[in-house]
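The data block below is model-v4.cif; it holds mmCIF, N, CA and C atoms and all ligand atoms.
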```cif
data_coords
#
loop_
_atom_site.label_atom_id
_atom_site.label_comp_id
_atom_site.auth_asym_id
_atom_site.auth_seq_id
_atom_site.Cartn_x
_atom_site.Cartn_y
_atom_site.Cartn_z
N MET E 299 -5.88 -12.16 22.91
CA MET E 299 -6.43 -12.48 21.58
C MET E 299 -5.54 -13.54 20.93
N SER E 300 -6.18 -14.53 20.34
CA SER E 300 -5.43 -15.65 19.79
C SER E 300 -4.66 -15.27 18.53
N HIS E 301 -3.50 -15.90 18.35
CA HIS E 301 -2.73 -15.72 17.11
C HIS E 301 -2.99 -16.87 16.15
N ASP E 302 -3.85 -17.80 16.56
CA ASP E 302 -4.09 -19.02 15.79
C ASP E 302 -5.18 -18.78 14.76
N ARG E 303 -4.91 -19.15 13.51
CA ARG E 303 -5.90 -18.84 12.46
C ARG E 303 -7.21 -19.59 12.67
N SER E 304 -7.16 -20.76 13.32
CA SER E 304 -8.40 -21.54 13.50
C SER E 304 -9.38 -20.84 14.44
N THR E 305 -8.88 -19.94 15.25
CA THR E 305 -9.77 -19.21 16.16
C THR E 305 -9.74 -17.71 15.85
N CYS E 306 -9.23 -17.37 14.66
CA CYS E 306 -9.03 -15.95 14.33
C CYS E 306 -10.36 -15.28 13.96
N LEU E 307 -10.66 -14.21 14.67
CA LEU E 307 -11.91 -13.47 14.45
C LEU E 307 -12.02 -12.96 13.02
N PHE E 308 -10.95 -12.38 12.48
CA PHE E 308 -11.05 -11.78 11.15
C PHE E 308 -11.06 -12.84 10.04
N CYS E 309 -10.46 -14.02 10.28
CA CYS E 309 -10.63 -15.13 9.33
C CYS E 309 -12.10 -15.52 9.28
N LYS E 310 -12.75 -15.57 10.44
CA LYS E 310 -14.17 -15.93 10.49
C LYS E 310 -15.02 -14.86 9.80
N ILE E 311 -14.65 -13.60 9.95
CA ILE E 311 -15.37 -12.53 9.25
C ILE E 311 -15.15 -12.67 7.74
N ALA E 312 -13.91 -12.94 7.33
CA ALA E 312 -13.63 -13.11 5.89
C ALA E 312 -14.41 -14.28 5.32
N ASP E 313 -14.57 -15.34 6.11
CA ASP E 313 -15.29 -16.54 5.66
C ASP E 313 -16.81 -16.40 5.80
N GLY E 314 -17.25 -15.29 6.41
CA GLY E 314 -18.69 -15.08 6.59
C GLY E 314 -19.28 -15.86 7.76
N GLU E 315 -18.40 -16.44 8.59
CA GLU E 315 -18.89 -17.21 9.75
C GLU E 315 -19.35 -16.28 10.87
N ILE E 316 -18.79 -15.08 10.87
CA ILE E 316 -19.20 -14.04 11.82
C ILE E 316 -19.66 -12.86 10.98
N PRO E 317 -20.84 -12.30 11.29
CA PRO E 317 -21.37 -11.22 10.46
C PRO E 317 -20.54 -9.94 10.58
N SER E 318 -20.53 -9.19 9.51
CA SER E 318 -19.88 -7.88 9.52
C SER E 318 -20.61 -6.99 8.53
N SER E 319 -20.36 -5.72 8.66
CA SER E 319 -20.95 -4.76 7.73
C SER E 319 -19.95 -4.55 6.60
N ARG E 320 -20.04 -5.36 5.57
CA ARG E 320 -19.06 -5.34 4.48
C ARG E 320 -19.24 -4.14 3.57
N VAL E 321 -18.15 -3.55 3.19
CA VAL E 321 -18.22 -2.48 2.20
C VAL E 321 -17.56 -2.91 0.90
N TYR E 322 -16.79 -4.01 0.94
CA TYR E 322 -16.07 -4.46 -0.26
C TYR E 322 -15.58 -5.88 -0.04
N GLU E 323 -15.52 -6.65 -1.12
CA GLU E 323 -14.82 -7.94 -1.07
C GLU E 323 -14.41 -8.36 -2.47
N ASP E 324 -13.28 -9.01 -2.54
CA ASP E 324 -12.86 -9.67 -3.78
C ASP E 324 -12.15 -10.96 -3.39
N ASP E 325 -11.44 -11.56 -4.33
CA ASP E 325 -10.80 -12.85 -4.05
C ASP E 325 -9.72 -12.75 -2.99
N GLU E 326 -9.14 -11.55 -2.86
CA GLU E 326 -7.97 -11.40 -1.99
C GLU E 326 -8.22 -10.62 -0.70
N PHE E 327 -9.21 -9.70 -0.74
CA PHE E 327 -9.42 -8.80 0.40
C PHE E 327 -10.89 -8.69 0.76
N VAL E 328 -11.12 -8.34 2.04
CA VAL E 328 -12.46 -8.00 2.51
C VAL E 328 -12.33 -6.70 3.29
N ALA E 329 -13.31 -5.82 3.14
CA ALA E 329 -13.34 -4.57 3.92
C ALA E 329 -14.70 -4.48 4.59
N PHE E 330 -14.68 -4.09 5.86
CA PHE E 330 -15.93 -4.02 6.64
C PHE E 330 -15.81 -2.90 7.67
N ARG E 331 -16.96 -2.47 8.16
CA ARG E 331 -16.95 -1.35 9.12
C ARG E 331 -16.53 -1.85 10.50
N ASP E 332 -15.70 -1.05 11.15
CA ASP E 332 -15.26 -1.36 12.51
C ASP E 332 -16.47 -1.36 13.45
N ILE E 333 -16.54 -2.37 14.30
CA ILE E 333 -17.69 -2.53 15.19
C ILE E 333 -17.72 -1.45 16.27
N ARG E 334 -16.58 -0.86 16.56
CA ARG E 334 -16.51 0.26 17.53
C ARG E 334 -15.85 1.43 16.82
N PRO E 335 -16.60 2.08 15.93
CA PRO E 335 -15.97 3.12 15.11
C PRO E 335 -15.39 4.27 15.94
N ALA E 336 -14.19 4.66 15.59
CA ALA E 336 -13.52 5.77 16.26
C ALA E 336 -13.74 7.07 15.51
N ALA E 337 -14.29 6.97 14.33
CA ALA E 337 -14.53 8.15 13.49
C ALA E 337 -15.77 7.87 12.65
N GLN E 338 -16.30 8.91 12.04
CA GLN E 338 -17.53 8.77 11.25
C GLN E 338 -17.38 7.66 10.19
N THR E 339 -16.25 7.66 9.53
CA THR E 339 -15.90 6.57 8.62
C THR E 339 -14.76 5.78 9.26
N HIS E 340 -15.00 4.50 9.53
CA HIS E 340 -13.96 3.65 10.12
C HIS E 340 -14.13 2.25 9.54
N VAL E 341 -13.27 1.94 8.58
CA VAL E 341 -13.35 0.68 7.85
C VAL E 341 -12.04 -0.07 8.07
N LEU E 342 -12.15 -1.40 8.15
CA LEU E 342 -10.97 -2.26 8.25
C LEU E 342 -10.81 -3.03 6.94
N VAL E 343 -9.60 -3.04 6.43
CA VAL E 343 -9.29 -3.78 5.20
C VAL E 343 -8.37 -4.93 5.58
N ILE E 344 -8.79 -6.16 5.23
CA ILE E 344 -7.99 -7.33 5.60
C ILE E 344 -7.74 -8.22 4.37
N PRO E 345 -6.58 -8.87 4.35
CA PRO E 345 -6.40 -9.92 3.33
C PRO E 345 -7.17 -11.15 3.77
N ARG E 346 -7.69 -11.93 2.82
CA ARG E 346 -8.35 -13.18 3.20
C ARG E 346 -7.34 -14.15 3.80
N ARG E 347 -6.10 -14.09 3.30
CA ARG E 347 -5.05 -14.96 3.84
C ARG E 347 -4.69 -14.52 5.25
N HIS E 348 -4.57 -15.48 6.15
CA HIS E 348 -4.22 -15.13 7.52
C HIS E 348 -2.74 -14.77 7.62
N ILE E 349 -2.50 -13.51 7.94
CA ILE E 349 -1.16 -13.02 8.28
C ILE E 349 -1.34 -12.33 9.63
N SER E 350 -0.60 -12.73 10.65
CA SER E 350 -0.88 -12.22 11.99
C SER E 350 -0.58 -10.73 12.13
N THR E 351 0.60 -10.33 11.68
CA THR E 351 1.01 -8.93 11.89
C THR E 351 1.85 -8.44 10.70
N LEU E 352 2.04 -7.15 10.65
CA LEU E 352 2.91 -6.58 9.61
C LEU E 352 4.34 -7.09 9.79
N SER E 353 4.69 -7.41 11.03
CA SER E 353 6.04 -7.92 11.29
C SER E 353 6.25 -9.33 10.73
N ASP E 354 5.17 -10.00 10.35
CA ASP E 354 5.29 -11.32 9.72
C ASP E 354 5.45 -11.22 8.22
N CYS E 355 5.42 -10.00 7.68
CA CYS E 355 5.49 -9.81 6.23
C CYS E 355 6.94 -9.71 5.77
N GLY E 356 7.21 -10.31 4.64
CA GLY E 356 8.53 -10.22 4.03
C GLY E 356 8.40 -9.77 2.59
N GLU E 357 9.51 -9.90 1.86
CA GLU E 357 9.55 -9.48 0.46
C GLU E 357 8.42 -10.10 -0.36
N ASN E 358 8.12 -11.38 -0.07
CA ASN E 358 7.08 -12.07 -0.84
C ASN E 358 5.70 -11.45 -0.67
N ASP E 359 5.53 -10.72 0.42
CA ASP E 359 4.23 -10.12 0.71
C ASP E 359 4.11 -8.70 0.14
N ALA E 360 5.17 -8.21 -0.47
CA ALA E 360 5.15 -6.83 -0.98
C ALA E 360 4.01 -6.60 -1.98
N PRO E 361 3.77 -7.53 -2.93
CA PRO E 361 2.66 -7.28 -3.86
C PRO E 361 1.31 -7.22 -3.15
N LEU E 362 1.09 -8.11 -2.18
CA LEU E 362 -0.18 -8.09 -1.43
C LEU E 362 -0.33 -6.78 -0.67
N LEU E 363 0.74 -6.37 0.00
CA LEU E 363 0.67 -5.11 0.77
C LEU E 363 0.43 -3.93 -0.15
N GLY E 364 1.06 -3.98 -1.32
CA GLY E 364 0.86 -2.90 -2.29
C GLY E 364 -0.60 -2.82 -2.72
N ARG E 365 -1.16 -3.99 -3.04
CA ARG E 365 -2.57 -4.01 -3.47
C ARG E 365 -3.49 -3.59 -2.33
N MET E 366 -3.12 -3.95 -1.11
CA MET E 366 -3.95 -3.59 0.04
C MET E 366 -4.02 -2.07 0.20
N PHE E 367 -2.90 -1.39 0.04
CA PHE E 367 -2.91 0.06 0.20
C PHE E 367 -3.57 0.77 -0.98
N VAL E 368 -3.42 0.20 -2.15
CA VAL E 368 -4.14 0.76 -3.30
C VAL E 368 -5.65 0.60 -3.08
N LEU E 369 -6.05 -0.52 -2.48
CA LEU E 369 -7.47 -0.74 -2.18
C LEU E 369 -7.96 0.26 -1.14
N VAL E 370 -7.14 0.55 -0.13
CA VAL E 370 -7.52 1.57 0.86
C VAL E 370 -7.82 2.89 0.15
N ALA E 371 -6.95 3.28 -0.76
CA ALA E 371 -7.15 4.54 -1.48
C ALA E 371 -8.43 4.49 -2.32
N ARG E 372 -8.67 3.34 -2.96
CA ARG E 372 -9.87 3.19 -3.78
C ARG E 372 -11.13 3.27 -2.91
N LEU E 373 -11.11 2.59 -1.76
CA LEU E 373 -12.28 2.61 -0.88
C LEU E 373 -12.51 4.01 -0.32
N ALA E 374 -11.41 4.70 -0.01
CA ALA E 374 -11.56 6.09 0.48
C ALA E 374 -12.31 6.91 -0.55
N LYS E 375 -11.96 6.71 -1.80
CA LYS E 375 -12.64 7.44 -2.88
C LYS E 375 -14.12 7.04 -2.93
N GLU E 376 -14.37 5.74 -2.90
CA GLU E 376 -15.75 5.26 -3.00
C GLU E 376 -16.60 5.68 -1.81
N LEU E 377 -15.96 5.82 -0.65
CA LEU E 377 -16.69 6.23 0.56
C LEU E 377 -16.77 7.75 0.68
N GLY E 378 -16.16 8.43 -0.28
CA GLY E 378 -16.27 9.89 -0.32
C GLY E 378 -15.35 10.63 0.64
N VAL E 379 -14.24 9.97 1.02
CA VAL E 379 -13.34 10.61 1.98
C VAL E 379 -11.91 10.75 1.44
N ALA E 380 -11.72 10.56 0.14
CA ALA E 380 -10.38 10.69 -0.44
C ALA E 380 -9.85 12.11 -0.28
N TYR E 381 -8.56 12.25 -0.42
CA TYR E 381 -7.98 13.59 -0.42
C TYR E 381 -8.17 14.20 -1.80
N THR E 382 -8.97 15.24 -1.83
CA THR E 382 -9.26 15.91 -3.10
C THR E 382 -8.98 17.40 -3.00
N GLY E 383 -8.13 17.76 -2.04
CA GLY E 383 -7.82 19.17 -1.82
C GLY E 383 -8.55 19.71 -0.61
N GLY E 384 -8.29 20.94 -0.29
CA GLY E 384 -8.94 21.58 0.86
C GLY E 384 -8.65 20.83 2.14
N GLU E 385 -9.68 20.64 2.95
CA GLU E 385 -9.53 19.98 4.26
C GLU E 385 -9.81 18.48 4.19
N SER E 386 -9.97 17.92 3.00
CA SER E 386 -10.35 16.51 2.86
C SER E 386 -9.18 15.59 3.19
N GLY E 387 -9.48 14.30 3.31
CA GLY E 387 -8.44 13.30 3.52
C GLY E 387 -8.83 12.28 4.57
N PHE E 388 -7.94 11.33 4.78
CA PHE E 388 -8.22 10.21 5.69
C PHE E 388 -6.92 9.74 6.31
N ARG E 389 -7.06 8.88 7.32
CA ARG E 389 -5.88 8.32 7.98
C ARG E 389 -5.87 6.80 7.78
N THR E 390 -4.69 6.26 7.54
CA THR E 390 -4.52 4.82 7.42
C THR E 390 -3.57 4.36 8.52
N VAL E 391 -4.01 3.37 9.31
CA VAL E 391 -3.23 2.91 10.47
C VAL E 391 -3.10 1.40 10.42
N VAL E 392 -1.89 0.91 10.69
CA VAL E 392 -1.67 -0.53 10.86
C VAL E 392 -0.99 -0.73 12.22
N ASN E 393 -1.77 -1.13 13.22
CA ASN E 393 -1.21 -1.39 14.54
C ASN E 393 -0.50 -2.74 14.51
N THR E 394 0.68 -2.79 15.11
CA THR E 394 1.49 -4.02 15.04
C THR E 394 2.01 -4.43 16.41
N GLY E 395 1.48 -5.56 16.92
CA GLY E 395 1.93 -6.08 18.21
C GLY E 395 1.37 -5.28 19.37
N PRO E 396 1.54 -5.81 20.58
CA PRO E 396 1.06 -5.11 21.77
C PRO E 396 1.64 -3.70 21.88
N GLY E 397 2.88 -3.56 21.47
CA GLY E 397 3.52 -2.24 21.54
C GLY E 397 2.89 -1.24 20.59
N GLY E 398 2.23 -1.76 19.56
CA GLY E 398 1.55 -0.88 18.60
C GLY E 398 0.05 -0.81 18.83
N GLY E 399 -0.41 -1.46 19.91
CA GLY E 399 -1.83 -1.42 20.23
C GLY E 399 -2.68 -2.37 19.41
N GLN E 400 -2.06 -3.41 18.83
CA GLN E 400 -2.85 -4.36 18.03
C GLN E 400 -3.68 -5.25 18.95
N GLU E 401 -4.98 -5.35 18.62
CA GLU E 401 -5.89 -6.18 19.43
C GLU E 401 -6.28 -7.45 18.69
N VAL E 402 -6.40 -7.38 17.39
CA VAL E 402 -6.79 -8.55 16.59
C VAL E 402 -5.59 -8.95 15.73
N TYR E 403 -5.13 -10.21 15.91
CA TYR E 403 -3.90 -10.65 15.26
C TYR E 403 -4.16 -11.29 13.90
N HIS E 404 -4.74 -10.46 13.04
CA HIS E 404 -4.90 -10.75 11.61
C HIS E 404 -4.67 -9.40 10.95
N LEU E 405 -3.67 -9.33 10.12
CA LEU E 405 -3.27 -8.06 9.51
C LEU E 405 -4.47 -7.25 9.01
N HIS E 406 -4.52 -6.00 9.36
CA HIS E 406 -5.61 -5.13 8.89
C HIS E 406 -5.15 -3.69 8.86
N ALA E 407 -5.70 -2.96 7.90
CA ALA E 407 -5.46 -1.51 7.83
C ALA E 407 -6.75 -0.80 8.22
N HIS E 408 -6.62 0.15 9.14
CA HIS E 408 -7.75 1.01 9.49
C HIS E 408 -7.81 2.16 8.50
N LEU E 409 -9.02 2.46 8.06
CA LEU E 409 -9.25 3.64 7.23
C LEU E 409 -10.19 4.54 8.03
N LEU E 410 -9.68 5.68 8.45
CA LEU E 410 -10.45 6.57 9.32
C LEU E 410 -10.62 7.93 8.67
N ALA E 411 -11.82 8.48 8.80
CA ALA E 411 -12.05 9.82 8.25
C ALA E 411 -13.31 10.41 8.87
N GLY E 412 -13.41 11.71 8.77
CA GLY E 412 -14.61 12.40 9.24
C GLY E 412 -14.25 13.49 10.22
N PRO E 413 -15.27 14.18 10.69
CA PRO E 413 -15.04 15.32 11.57
C PRO E 413 -14.33 14.92 12.86
N ARG E 414 -13.38 15.73 13.29
CA ARG E 414 -12.71 15.51 14.58
C ARG E 414 -13.60 16.10 15.68
N PRO E 415 -13.41 15.65 16.95
CA PRO E 415 -12.39 14.69 17.37
C PRO E 415 -12.82 13.25 17.10
N TRP E 416 -11.83 12.39 16.87
CA TRP E 416 -12.07 10.96 16.77
C TRP E 416 -11.96 10.38 18.16
N LEU E 417 -12.62 9.23 18.39
CA LEU E 417 -12.66 8.66 19.73
C LEU E 417 -11.31 8.10 20.15
N ARG E 418 -10.56 7.56 19.19
CA ARG E 418 -9.24 7.04 19.49
C ARG E 418 -8.46 7.04 18.19
N MET E 419 -7.19 6.64 18.28
CA MET E 419 -6.33 6.73 17.09
C MET E 419 -6.66 5.66 16.06
N GLY E 420 -7.42 4.64 16.44
CA GLY E 420 -7.70 3.52 15.52
C GLY E 420 -6.73 2.42 15.77
P1 LIG V 1 -6.39 -3.26 16.27
O1 LIG V 1 -6.28 -2.62 17.62
O2 LIG V 1 -5.61 -2.52 15.22
O3 LIG V 1 -6.06 -4.73 16.31
O4 LIG V 1 -7.88 -3.08 15.85
C1 LIG V 1 -8.85 -4.07 15.91
C2 LIG V 1 -10.15 -3.41 15.54
O5 LIG V 1 -11.09 -4.42 15.28
C3 LIG V 1 -10.75 -2.52 16.65
O6 LIG V 1 -10.88 -1.20 16.16
C4 LIG V 1 -12.08 -3.18 16.95
O7 LIG V 1 -13.11 -2.24 17.21
C5 LIG V 1 -12.35 -3.96 15.68
N1 LIG V 1 -13.20 -5.11 15.83
C6 LIG V 1 -13.14 -6.06 16.79
N2 LIG V 1 -14.08 -7.00 16.59
C7 LIG V 1 -14.76 -6.64 15.47
C8 LIG V 1 -15.86 -7.20 14.74
N3 LIG V 1 -16.46 -8.33 15.12
N4 LIG V 1 -16.29 -6.53 13.64
C9 LIG V 1 -15.70 -5.38 13.25
N5 LIG V 1 -14.65 -4.81 13.88
C10 LIG V 1 -14.19 -5.43 14.99
ZN ZN V 2 -6.96 -14.63 10.53
#
```
Give the structure from the file, written as structure tokens.
Ligand code: AMP
Ligand code: ZN
Amino acid sequence: MSHDRSTCLFCKIADGEIPSSRVYEDDEFVAFRDIRPAAQTHVLVIPRRHISTLSDCGENDAPLLGRMFVLVARLAKELGVAYTGGESGFRTVVNTGPGGGQEVYHLHAHLLAGPRPWLRMG
């Protein structure tokens, strides 16, 4: 998978050049359903700005990362999978590099929820 933004799949999804099932978008982020869902709810949250991996993030990216995780929590609520007590809740995963199982080199957070078993870890 390319690390180059000009051929980046998720940049193309953010730009609308490749179709996706969007659940949210604003000036900074886009969220869409994973094409191979591992769980009943499986959404990917990406910044519009191309950042290859979490390992490319520094202090300057802290506000963006903060907003990204707050957005994950907000979307979980809107999708009806937030933690509200009992057995409810969701998983957030950021795979980083080949060692972390990253397949698409544009920073993204997986939001996974629903009845187990899930097909994979996300
Ligand atoms: P990762 O292994 O963390 O890089 O995850 C990449 C995720 O992107 C996988 O779960 C894929 O199923 C998903 N994916 C790949 N191509 C698309 C696409 N065109 N639309 C939506 N999700 C995709
Ligand atoms: Zn990209």
For ligand LIG 1 (chain V), collect every residue having any atom at a distance of at most 6 Å from a ligand atom (counting all atoms listed in the file); output as a PyMOL selection string. chain E and resi 318+331-335+392-393+399-403+420
What gap, in Å, lies between atom C of E:Phe308 and atom CA of E:Lys375?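 Atom C of E:Phe308 sits 24.1 Å away from atom CA of E:Lys375.
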Rounded to one decimal in Å, what is the spacing between atom N of E:Ala411 and atom C of E:Gly387?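 Interatomic distance, atom N of E:Ala411 to atom C of E:Gly387: 6.4 Å.
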List as a PDB file with N, CA and C atoms, in the coordinates of the input the protein and nucleic acid residues lying within 8 Å of ligand ZN 2 (chain V), with all atoms listed in the file counted.
```pdb
ATOM      1  N   HIS E 301      -3.500 -15.900  18.350  1.00  0.00           N
ATOM      2  CA  HIS E 301      -2.730 -15.720  17.110  1.00  0.00           C
ATOM      3  C   HIS E 301      -2.990 -16.870  16.150  1.00  0.00           C
ATOM      4  N   ASP E 302      -3.850 -17.800  16.560  1.00  0.00           N
ATOM      5  CA  ASP E 302      -4.090 -19.020  15.790  1.00  0.00           C
ATOM      6  C   ASP E 302      -5.180 -18.780  14.760  1.00  0.00           C
ATOM      7  N   ARG E 303      -4.910 -19.150  13.510  1.00  0.00           N
ATOM      8  CA  ARG E 303      -5.900 -18.840  12.460  1.00  0.00           C
ATOM      9  C   ARG E 303      -7.210 -19.590  12.670  1.00  0.00           C
ATOM     10  N   SER E 304      -7.160 -20.760  13.320  1.00  0.00           N
ATOM     11  CA  SER E 304      -8.400 -21.540  13.500  1.00  0.00           C
ATOM     12  C   SER E 304      -9.380 -20.840  14.440  1.00  0.00           C
ATOM     13  N   THR E 305      -8.880 -19.940  15.250  1.00  0.00           N
ATOM     14  CA  THR E 305      -9.770 -19.210  16.160  1.00  0.00           C
ATOM     15  C   THR E 305      -9.740 -17.710  15.850  1.00  0.00           C
ATOM     16  N   CYS E 306      -9.230 -17.370  14.660  1.00  0.00           N
ATOM     17  CA  CYS E 306      -9.030 -15.950  14.330  1.00  0.00           C
ATOM     18  C   CYS E 306     -10.360 -15.280  13.960  1.00  0.00           C
ATOM     19  N   LEU E 307     -10.660 -14.210  14.670  1.00  0.00           N
ATOM     20  CA  LEU E 307     -11.910 -13.470  14.450  1.00  0.00           C
ATOM     21  C   LEU E 307     -12.020 -12.960  13.020  1.00  0.00           C
ATOM     22  N   PHE E 308     -10.950 -12.380  12.480  1.00  0.00           N
ATOM     23  CA  PHE E 308     -11.050 -11.780  11.150  1.00  0.00           C
ATOM     24  C   PHE E 308     -11.060 -12.840  10.040  1.00  0.00           C
ATOM     25  N   CYS E 309     -10.460 -14.020  10.280  1.00  0.00           N
ATOM     26  CA  CYS E 309     -10.630 -15.130   9.330  1.00  0.00           C
ATOM     27  C   CYS E 309     -12.100 -15.520   9.280  1.00  0.00           C
ATOM     28  N   LYS E 310     -12.750 -15.570  10.440  1.00  0.00           N
ATOM     29  CA  LYS E 310     -14.170 -15.930  10.490  1.00  0.00           C
ATOM     30  C   LYS E 310     -15.020 -14.860   9.800  1.00  0.00           C
ATOM     31  N   ILE E 311     -14.650 -13.600   9.950  1.00  0.00           N
ATOM     32  CA  ILE E 311     -15.370 -12.530   9.250  1.00  0.00           C
ATOM     33  C   ILE E 311     -15.150 -12.670   7.740  1.00  0.00           C
ATOM     34  N   ALA E 312     -13.910 -12.940   7.330  1.00  0.00           N
ATOM     35  CA  ALA E 312     -13.630 -13.110   5.890  1.00  0.00           C
ATOM     36  C   ALA E 312     -14.410 -14.280   5.320  1.00  0.00           C
ATOM     37  N   PRO E 345      -6.580  -8.870   4.350  1.00  0.00           N
ATOM     38  CA  PRO E 345      -6.400  -9.920   3.330  1.00  0.00           C
ATOM     39  C   PRO E 345      -7.170 -11.150   3.770  1.00  0.00           C
ATOM     40  N   ARG E 346      -7.690 -11.930   2.820  1.00  0.00           N
ATOM     41  CA  ARG E 346      -8.350 -13.180   3.200  1.00  0.00           C
ATOM     42  C   ARG E 346      -7.340 -14.150   3.800  1.00  0.00           C
ATOM     43  N   ARG E 347      -6.100 -14.090   3.300  1.00  0.00           N
ATOM     44  CA  ARG E 347      -5.050 -14.960   3.840  1.00  0.00           C
ATOM     45  C   ARG E 347      -4.690 -14.520   5.250  1.00  0.00           C
ATOM     46  N   HIS E 348      -4.570 -15.480   6.150  1.00  0.00           N
ATOM     47  CA  HIS E 348      -4.220 -15.130   7.520  1.00  0.00           C
ATOM     48  C   HIS E 348      -2.740 -14.770   7.620  1.00  0.00           C
ATOM     49  N   ILE E 349      -2.500 -13.510   7.940  1.00  0.00           N
ATOM     50  CA  ILE E 349      -1.160 -13.020   8.280  1.00  0.00           C
ATOM     51  C   ILE E 349      -1.340 -12.330   9.630  1.00  0.00           C
ATOM     52  N   SER E 350      -0.600 -12.730  10.650  1.00  0.00           N
ATOM     53  CA  SER E 350      -0.880 -12.220  11.990  1.00  0.00           C
ATOM     54  C   SER E 350      -0.580 -10.730  12.130  1.00  0.00           C
ATOM     55  N   VAL E 402      -6.400  -7.380  17.390  1.00  0.00           N
ATOM     56  CA  VAL E 402      -6.790  -8.550  16.590  1.00  0.00           C
ATOM     57  C   VAL E 402      -5.590  -8.950  15.730  1.00  0.00           C
ATOM     58  N   TYR E 403      -5.130 -10.210  15.910  1.00  0.00           N
ATOM     59  CA  TYR E 403      -3.900 -10.650  15.260  1.00  0.00           C
ATOM     60  C   TYR E 403      -4.160 -11.290  13.900  1.00  0.00           C
ATOM     61  N   HIS E 404      -4.740 -10.460  13.040  1.00  0.00           N
ATOM     62  CA  HIS E 404      -4.900 -10.750  11.610  1.00  0.00           C
ATOM     63  C   HIS E 404      -4.670  -9.400  10.950  1.00  0.00           C
ATOM     64  N   LEU E 405      -3.670  -9.330  10.120  1.00  0.00           N
ATOM     65  CA  LEU E 405      -3.270  -8.060   9.510  1.00  0.00           C
ATOM     66  C   LEU E 405      -4.470  -7.250   9.010  1.00  0.00           C
TER      67      LEU E 405
END
```
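Taking only N, CA and C atoms into account, E:His408 lies nearest to E:Val341 out of the set E:Gly314, E:Val341, E:Cys355, E:Arg320.
Atom to atom, atom CA of E:Val343 and atom CA of E:Val328 stand 5.9 Å apart.
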Return as a ChimeraX atom specification the full set of residues in chain E whose backbone-based DSSP assignment is helix (DSSP H, G or I). /E:303-305,307-312,352-354,357-376,396-398
Using the structure block above, produce a file of stretch 322-326 of chain E that contains all heavy atoms, as a compact mmCIF listing (two decimals), in the first residue's frame.
```txt
# COMPACT_ATOMS: atom_id res chain seq x y z
N TYR E 322 -20.37 10.78 8.60
CA TYR E 322 -20.10 12.11 9.15
C TYR E 322 -19.02 12.80 8.32
O TYR E 322 -18.12 12.14 7.80
CB TYR E 322 -19.59 11.98 10.60
CG TYR E 322 -19.24 13.30 11.21
CD1 TYR E 322 -20.20 14.08 11.83
CD2 TYR E 322 -17.92 13.79 11.15
CE1 TYR E 322 -19.88 15.33 12.37
CE2 TYR E 322 -17.60 15.02 11.68
CZ TYR E 322 -18.59 15.78 12.28
OH TYR E 322 -18.27 17.00 12.80
N GLU E 323 -19.11 14.12 8.23
CA GLU E 323 -17.99 14.89 7.67
C GLU E 323 -18.06 16.32 8.16
O GLU E 323 -19.14 16.86 8.42
CB GLU E 323 -17.99 14.86 6.14
CG GLU E 323 -19.17 15.55 5.49
CD GLU E 323 -19.07 15.47 3.96
OE1 GLU E 323 -18.03 15.88 3.41
OE2 GLU E 323 -20.04 15.03 3.35
N ASP E 324 -16.90 16.90 8.36
CA ASP E 324 -16.80 18.33 8.62
C ASP E 324 -15.53 18.83 7.93
O ASP E 324 -14.97 18.12 7.08
CB ASP E 324 -16.84 18.64 10.13
CG ASP E 324 -15.67 18.04 10.90
OD1 ASP E 324 -14.60 17.78 10.30
OD2 ASP E 324 -15.81 17.85 12.12
N ASP E 325 -15.10 20.03 8.26
CA ASP E 325 -13.93 20.60 7.58
C ASP E 325 -12.66 19.82 7.84
O ASP E 325 -11.72 19.86 7.04
CB ASP E 325 -13.69 22.04 8.07
CG ASP E 325 -14.74 22.99 7.53
OD1 ASP E 325 -15.53 22.56 6.67
OD2 ASP E 325 -14.79 24.14 7.99
N GLU E 326 -12.62 19.12 8.97
CA GLU E 326 -11.37 18.48 9.39
C GLU E 326 -11.36 16.96 9.30
O GLU E 326 -10.32 16.35 9.09
CB GLU E 326 -11.08 18.90 10.85
CG GLU E 326 -9.68 18.58 11.31
CD GLU E 326 -9.39 19.15 12.69
OE1 GLU E 326 -10.32 19.32 13.50
OE2 GLU E 326 -8.20 19.42 12.94
```
